[in-house]
Amino acid sequence: MGPRRLLTTVVALGGGAFLLGAGPLRLETHLRQPTEPVATFVDGPTSTTAVEQDNGVRLLPGGTGLVCLLAGAWNIRSADKRREALVAAPA
């Protein structure tokens, strides 16, 4: 695996892990005060947090993270297959 592909793989795996983890965290970290009624989920009447019912809030970073992880895994798999082919080739 060349340095360019190695860097791409490391960035894809690191970014993918970050984005995949950021999806669920993003549900809990909305601190802006709404200016109009917003549909949310709450645990109960004394709850101090509310979660928006917009699936894009968590699906966009989570889906992007999953795609990045798959791209990194594909790079590793293809490099491993190339190495196996070189080792198995007759000299």
# chains A, B, ... in the order shown; residues from 1 in each chain; ligands from 1
>>> select_by_dssp(residues="chain A", states="alpha helix (DSSP H)", output="PyMOL selection string")
chain A and resi 3-28+56-88
>>> closest_atom_pairs(of="stretch 41-85 of chain A", to="stretch 21-26 of chain A", cutoff="10 Å", atoms="only C-alpha atoms", output="Markdown table")
| residue | atom | partner | partner_atom | distance |
| --- | --- | --- | --- | --- |
| A:Val51 | CA | A:Arg26 | CA | 9.3 |
| A:Gly56 | CA | A:Gly23 | CA | 9.5 |
| A:Val57 | CA | A:Arg26 | CA | 6.9 |
| A:Arg58 | CA | A:Gly23 | CA | 4.3 |
| A:Leu59 | CA | A:Gly23 | CA | 6.5 |
| A:Leu60 | CA | A:Gly23 | CA | 7.5 |
| A:Pro61 | CA | A:Gly23 | CA | 5.3 |
| A:Gly62 | CA | A:Gly23 | CA | 4.8 |
| A:Gly63 | CA | A:Gly23 | CA | 8.4 |
| A:Thr64 | CA | A:Gly23 | CA | 9.5 |
| A:Gly65 | CA | A:Gly21 | CA | 8.1 |
| A:Leu66 | CA | A:Gly21 | CA | 10.0 |
>>> select_by_dssp(residues="stretch 2-89 of chain A", states="strand (DSSP E)", output="tab-separated table (two decimals) with C-alpha atoms, in the first residue's frame")
chain	number	residue	atom	x	y	z
A	40	THR	CA	-39.30	16.63	20.33
A	41	PHE	CA	-38.99	13.49	22.44
A	51	VAL	CA	-34.42	15.29	21.38
A	52	GLU	CA	-35.68	16.55	18.03
>>> atom_distance(atom1="atom CA of A:Leu20", atom2="atom CA of A:Arg82")
28.8 Å
>>> closest_residue(among="A:Val42, A:Leu19, A:Leu6, A:Val11", to="A:Ala79", atoms="only C-alpha atoms")
A:Leu6
>>> atom_distance(atom1="atom CA of A:Val38", atom2="atom CA of A:Phe18")
27.8 Å
>>> atom_distance(atom1="atom CA of A:Leu86", atom2="atom CA of A:Gly14")
28.5 Å
>>> closest_residue(among="A:Arg4, A:Arg83, A:Arg77, A:Arg32", to="A:Ala50", atoms="only C-alpha atoms")
A:Arg32
